[in-house]
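**Student:** Right, I'll just put the structure down here and ask away after.
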Amino acid sequence: MQRRNLLATAAFGLGLALSGGSAMAQGLEKVKACFIYVGPIGDGGWTYQHHQGALALTEAYGDKVEIAWQESVPEGADAERAITQFALDGCNIIFTTSFGFMDATNAVAAQFPDIKFEHATGFKRDQPNVSTYDARFYEGRAVMGTIAGHMTKSNKIGYIGSYPIPEVIQGINASFIHAKKVNPDVTMSVVWAYTWFDPAKEADAAKALIDQGVDVILQHTDSTAPLAEAQKVEGVIGFGQASDMAAYKPSPRVSAIIDNWAPYYVKRVGALLDGTYEQSAAWEGIAGGEVEIGEITDAVPADVKAAAEKMRDDIAAGTYHPFTGPLNKQDGSAWLAEGEVADDGALATMNFYVEGITGEIPK
Amino acid sequence: MLSLERRANPSQFWLWFTPVLAVILTMVAGGLLFALLGSNPFTVIRTIFWDPLAGTNASYFRAQLFIKAAPLILIAVGLAMGFRAGIWNIGAEGQYIMGAIIGASVGLAFFPTENRLIFPLMVAAGAFGGWAWAMIPAILKTKFNTNEILVSLMLVYVAQAILAKASFSFLRNPDGMGFPGSRNFSTYPAARNLDLIERSGFHWGAVAALGVAVAAYVLLTRHGIGFRIRLAGQAPRAARFHGVSPTRLVIFCLGFAGALAGLAGIFEASGPSGQITENFATGYGFTAIIVAFLGRLNPLGIIFAGLLMALTYVGGSLAESRLNLPAASIQVFQGMLLFFLLGVDMLTNYRIRYGAARVKGAGA
């Protein structure tokens with residue numbers, strides 16, 4: 001096993017195409033694209049959306065692309081074996097679609113320099129053939145937060161967090177900032193479920209929030225269980241997560257934050273076909289089509305819907321950034337000055353709540 | 001009406017042939033399942049049982065067999081000792097986790113010091129962690145007569161909570177950009193559990209597994225403690241008359257199994273897995289229960305059972321990726337193996353009688 005220096009290579013270059021990758025002079029005739037999923041395709045959320053992205057490849061390139069996948073791959077040694085398996089079986093590009101596959105992806109990439117590896121939501125690109133990609137989910141959260149702030153009658157909104165990692169904390173902060181902006185009386189309770197997908201735990205978390213008087217639930221976990229709980233109580237609403245969760249329309253599901261990986265997958269495999277592939281660290285949002293706002297239903301008043309759509313369009317146009325100062329940290333210390341915008345490095349390592357959120361991030 | 005009657009003299013041949021029969025039945029029923037899913041059953045069965053051993057790139061997959069089998073064998077050998085004595089430790093998964101956490105903590109505490117003593121120290125700490133975690137149900141059983149099945153199982157969930165805590169706080173990699181999970185041992189040579197021969201999959205855990213299995217076999221067949229374990233399991237009253245102390249037996253069996261599970265944990269954390277994350281535990285402690293029974297609670301049998309179980313994992317994963325089978329179908333396939341094993345076991349020890357229900361000596 002090769003020794004690696006973590007820090008030197010883990011430096012952030014988000015949004016920046018890294019040069020020095022082994023860009024291929026010539027494209028491939030045919031690409032075998034392989035996918036490692038962390039959950040079952042039938043989860044209706046995270047993995048389901050990645051699989052939709054994979055299927056979009058065959059639609060876009062027909063016979064020139066062959067896809068293969070393996071679902072419910074555990075992290076650690078099993079992931080390393082599953083990835084190696086694909087590498088040995090002739091995949092040209094392997095997408096590993098969960099944070100926990102980070103070290104395994106880099107370890108396998110070191111042994112197969114001619115194969116491209118794409119790791120979702122991670123930060124390690126230790127090998128020239130490893131790229132990373134992620135989506136700016138916080139942009140979608142800003143839109144959800146706007147709706148939440150308008151819609152809450154009890155002025156209490158709840159958030160079901162999965163794990164206290166930067167991506168999730170970005171979402172909590174973005175939701176709260178924008179709820180507060182339209183409704184200064186709003187407070188937010190965060191419950192940590194410590195899972196990405198566990199309907200029973202997610203339902204318990206939703207129940208606990210509803211018992212506290214919360215009437216708008218945001219979730220960063222992937223099952224529909226919180227929506228099912230919301231449906232049982234009159235006046236409680238929520239949002240689809242990762243996929244549209246259209247079954248709960250028009251209420252409790254009033255909108256959704258949808259991950260759409262198809263544009264990225266089509267772009268990367270296309271680059272491999274035409275020979276323009278380069279190592280990169282992609283972080284696209286609403287503008288790139290990776291984050292979509294699901295239909296805002298009629299349960300939401302027209303003016304609120306209009307405000308939410310304006311927020312979405314402003315973010316897409318680049319005229320508004322969800323983390324724009326003045327913003328203070330939870331302890332009251334200054335974070336962003338008037339008009340200042342958070343840089344990607346700060347976002348990618350975010351480990352604090354903004355001012356006004358109660359409770360602590362578990363440490 | 002059907003009834004079961006205990007066989008006076010179960011056939012020795014069937015005692016050893018039933019695992020083979022169970023595997024054959026699993027292949028048949030599993031083949032049907034795969035056919036219903038629209039795959040060619042022969043291709044699937046060949047991919048699971050043959051390709052990892054002799055197909056393309058088999059050298060890689062054979063190495064993976066050792067990686068997968070080593071923790072299973074280590075844990076199952078420990079469990080088998082207890083099961084033979086009628087002591088039911090169901091919580092090996094928790095002991096495995098605690099061994100990994102304690103062992104990894106010791107290793108990471110020395111980071112980045114390079115010293116040849118660090119790895120042995122980690123291994124000892126891992127064994128201690130598993131042993132200490134198993135002592136909780138052991139002491140509760142001997143002092144308060146609690147049920148070790150429940151206590152050891154419940155402690156798995158406690159251990160999982162501690163594991164989550166470890167990966168998010170006290171073992172979290174300080175250079176990890178705020179993400180969970182410990183430092184990866186692949187970046188820390190002194191604490192790394194490397195393959196002894198490169199790419200063979202044969203790391204210290206595999207050496208320990210084989211050594212422990214042989215030692216346990218000798219212990220069980222040639223040593224006084226082995227005799228007491230077998231006696232306590234087969235005839236508890238006779239054991240007491242013979243002077244076997246139930247307290248000491250419980251402490252020994254749970255402690256032995258706990259220490260081995262802890263060893264498996266630290267070998268995994270410092271080797272194949274490489275780091276402590278909240279998803280570090282993937283069920284070896286539970287699967288080892290199946291392995292122990294598949295191996296007839298005999299340490300040497302467990303070596304083969306562990307390798308067979310590993311084959312269904314490695315081959316199953318291969319079938320999933322090559323044939324795009326759903327993960328659940330492979331899990332069902334593995335479940336069938338246990339089902340058929342218990343089923344044919346039943347017929348080895350009991351015979352089915354038609355007619356009047358006169359249950360004679362049927363325990364269940």
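Each chain in the structure tokens gets a letter, A, B and so on, in the order shown; residues start at 1 in every chain, and ligands are counted from 1 in the order they appear.
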With only C-alpha atoms as the counted atoms, please give the residues lying no more than 9 Å from A:His150, apart from itself and same-chain residues fewer than 6 positions off, as a list in words.
**Tutor:**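 So, after excluding close chain neighbours, the residues are Ala179, Val182, Asn183 and Val304 of chain A.
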**Student:** Write the selection just made, keeping N, CA and C atoms, as a PDB file, in the first residue's frame?
**Tutor:**
ATOM      1  N   ALA A 179     -35.391  31.381   6.598  1.00  0.00           N
ATOM      2  CA  ALA A 179     -36.662  31.383   7.323  1.00  0.00           C
ATOM      3  C   ALA A 179     -36.744  32.643   8.185  1.00  0.00           C
ATOM      4  N   VAL A 182     -37.568  36.058   6.466  1.00  0.00           N
ATOM      5  CA  VAL A 182     -38.955  36.404   6.169  1.00  0.00           C
ATOM      6  C   VAL A 182     -39.831  36.347   7.408  1.00  0.00           C
ATOM      7  N   ASN A 183     -39.293  35.837   8.526  1.00  0.00           N
ATOM      8  CA  ASN A 183     -40.088  35.690   9.734  1.00  0.00           C
ATOM      9  C   ASN A 183     -39.155  35.768  10.940  1.00  0.00           C
ATOM     10  N   VAL A 304     -46.093  33.431  -1.481  1.00  0.00           N
ATOM     11  CA  VAL A 304     -44.967  32.679  -0.915  1.00  0.00           C
ATOM     12  C   VAL A 304     -44.266  31.903  -2.025  1.00  0.00           C
TER      13      VAL A 304
END
**Student:** Give me, as an MDAnalysis selection string, all polymer residues having an atom no more than 6 Å from stretch 40-50 of chain A, counting only C-alpha atoms and skipping those fewer than 2 positions away in the same chain.
**Tutor:** chainID A and resid 52:53 71:72 222 242:243
**Student:** Output N, CA and C atoms for every residue in the selection just made, as an mmCIF file, in the first residue's frame.
**Tutor:**
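Just written: result01.cif:
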data_model
loop_
_atom_site.group_PDB
_atom_site.id
_atom_site.type_symbol
_atom_site.label_atom_id
_atom_site.label_comp_id
_atom_site.auth_asym_id
_atom_site.auth_seq_id
_atom_site.Cartn_x
_atom_site.Cartn_y
_atom_site.Cartn_z
ATOM 1 N N GLN A 52 -30.859 7.015 -11.367
ATOM 2 C CA GLN A 52 -31.500 7.729 -12.478
ATOM 3 C C GLN A 52 -30.440 8.398 -13.347
ATOM 4 N N GLY A 53 -29.429 8.952 -12.688
ATOM 5 C CA GLY A 53 -28.325 9.577 -13.423
ATOM 6 C C GLY A 53 -27.583 8.566 -14.281
ATOM 7 N N GLU A 71 -25.339 -2.263 -5.517
ATOM 8 C CA GLU A 71 -26.045 -1.472 -4.498
ATOM 9 C C GLU A 71 -25.717 -1.962 -3.094
ATOM 10 N N SER A 72 -26.074 -1.148 -2.113
ATOM 11 C CA SER A 72 -25.901 -1.485 -0.688
ATOM 12 C C SER A 72 -24.487 -1.961 -0.372
ATOM 13 N N ASP A 222 -32.994 10.433 3.999
ATOM 14 C CA ASP A 222 -33.492 10.130 2.661
ATOM 15 C C ASP A 222 -34.829 9.406 2.551
ATOM 16 N N ALA A 242 -33.907 14.708 -1.629
ATOM 17 C CA ALA A 242 -33.134 13.963 -2.635
ATOM 18 C C ALA A 242 -33.966 13.639 -3.873
ATOM 19 N N SER A 243 -35.154 13.028 -3.681
ATOM 20 C CA SER A 243 -36.041 12.848 -4.820
ATOM 21 C C SER A 243 -37.331 13.623 -4.542
#
**Student:** Pull out every residue of chain A that has at least one atom within 6 Å of chain B, counting only C-alpha atoms, and report them as a list in words.
**Tutor:**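 Therefore, the residues near the partner are Arg3, Trp69, Gln70, Glu71, Gly76, Ala77, Ile165, Thr349 and Lys363 of chain A.
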**Student:** Could those residues be written to a file, using N, CA and C atoms, as a PDB file, in the first residue's frame?
**Tutor:**
ATOM      1  N   ARG A   3       2.114   4.988   0.585  1.00  0.00           N
ATOM      2  CA  ARG A   3       1.965   6.010   1.621  1.00  0.00           C
ATOM      3  C   ARG A   3       1.480   7.288   0.978  1.00  0.00           C
ATOM      4  N   TRP A  69     -23.674  -1.651 -11.977  1.00  0.00           N
ATOM      5  CA  TRP A  69     -23.773  -1.048 -10.652  1.00  0.00           C
ATOM      6  C   TRP A  69     -23.786  -2.127  -9.590  1.00  0.00           C
ATOM      7  N   GLN A  70     -23.491  -1.722  -8.359  1.00  0.00           N
ATOM      8  CA  GLN A  70     -23.656  -2.598  -7.206  1.00  0.00           C
ATOM      9  C   GLN A  70     -24.263  -1.769  -6.093  1.00  0.00           C
ATOM     10  N   GLU A  71     -25.339  -2.263  -5.517  1.00  0.00           N
ATOM     11  CA  GLU A  71     -26.045  -1.472  -4.498  1.00  0.00           C
ATOM     12  C   GLU A  71     -25.717  -1.962  -3.094  1.00  0.00           C
ATOM     13  N   GLY A  76     -15.629   0.694   3.941  1.00  0.00           N
ATOM     14  CA  GLY A  76     -14.470  -0.033   4.454  1.00  0.00           C
ATOM     15  C   GLY A  76     -13.972  -1.064   3.466  1.00  0.00           C
ATOM     16  N   ALA A  77     -13.540  -2.224   3.997  1.00  0.00           N
ATOM     17  CA  ALA A  77     -12.903  -3.237   3.165  1.00  0.00           C
ATOM     18  C   ALA A  77     -13.833  -3.731   2.060  1.00  0.00           C
ATOM     19  N   ILE A 165     -21.909  16.822   9.664  1.00  0.00           N
ATOM     20  CA  ILE A 165     -20.799  17.073   8.742  1.00  0.00           C
ATOM     21  C   ILE A 165     -21.083  18.378   8.000  1.00  0.00           C
ATOM     22  N   THR A 349     -15.900  23.357   4.971  1.00  0.00           N
ATOM     23  CA  THR A 349     -15.459  22.876   6.282  1.00  0.00           C
ATOM     24  C   THR A 349     -16.360  23.423   7.390  1.00  0.00           C
ATOM     25  N   LYS A 363     -20.328  16.959  19.219  1.00  0.00           N
ATOM     26  CA  LYS A 363     -18.882  16.813  18.998  1.00  0.00           C
ATOM     27  C   LYS A 363     -18.382  15.553  19.685  1.00  0.00           C
TER      28      LYS A 363
END
**Student:** Name the closest residue to A:Arg136 among the candidates A:Pro164, A:Gly238, A:Gly171, A:Gly149; distances are taken between atoms, counting only C-alpha atoms.
**Tutor:**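 So, comparing all the options, the nearest one is A:Gly171.
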**Student:** As a list in words, please: the residues near B:Phe256 (cut-off 8 Å, only C-alpha atoms, same-chain neighbours under 4 positions excluded).
**Tutor:** Gly78, Trp131, Phe252 and Leu260 of chain B
**Student:** Those same residues, written as a CSV table (one decimal), in the first residue's frame with N, CA and C atoms?
**Tutor:**
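Output (result_39.csv):
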chain,number,residue,atom,x,y,z
B,78,GLY,N,-14.3,-18.4,19.3
B,78,GLY,CA,-14.6,-18.0,20.6
B,78,GLY,C,-16.0,-18.3,21.0
B,131,TRP,N,-12.5,-8.2,25.6
B,131,TRP,CA,-12.7,-9.0,26.9
B,131,TRP,C,-13.5,-8.2,27.9
B,252,PHE,N,-14.8,-17.6,31.9
B,252,PHE,CA,-13.8,-18.0,30.9
B,252,PHE,C,-14.4,-17.9,29.5
B,260,LEU,N,-11.3,-12.6,21.7
B,260,LEU,CA,-11.1,-13.0,20.2
B,260,LEU,C,-11.8,-12.0,19.3
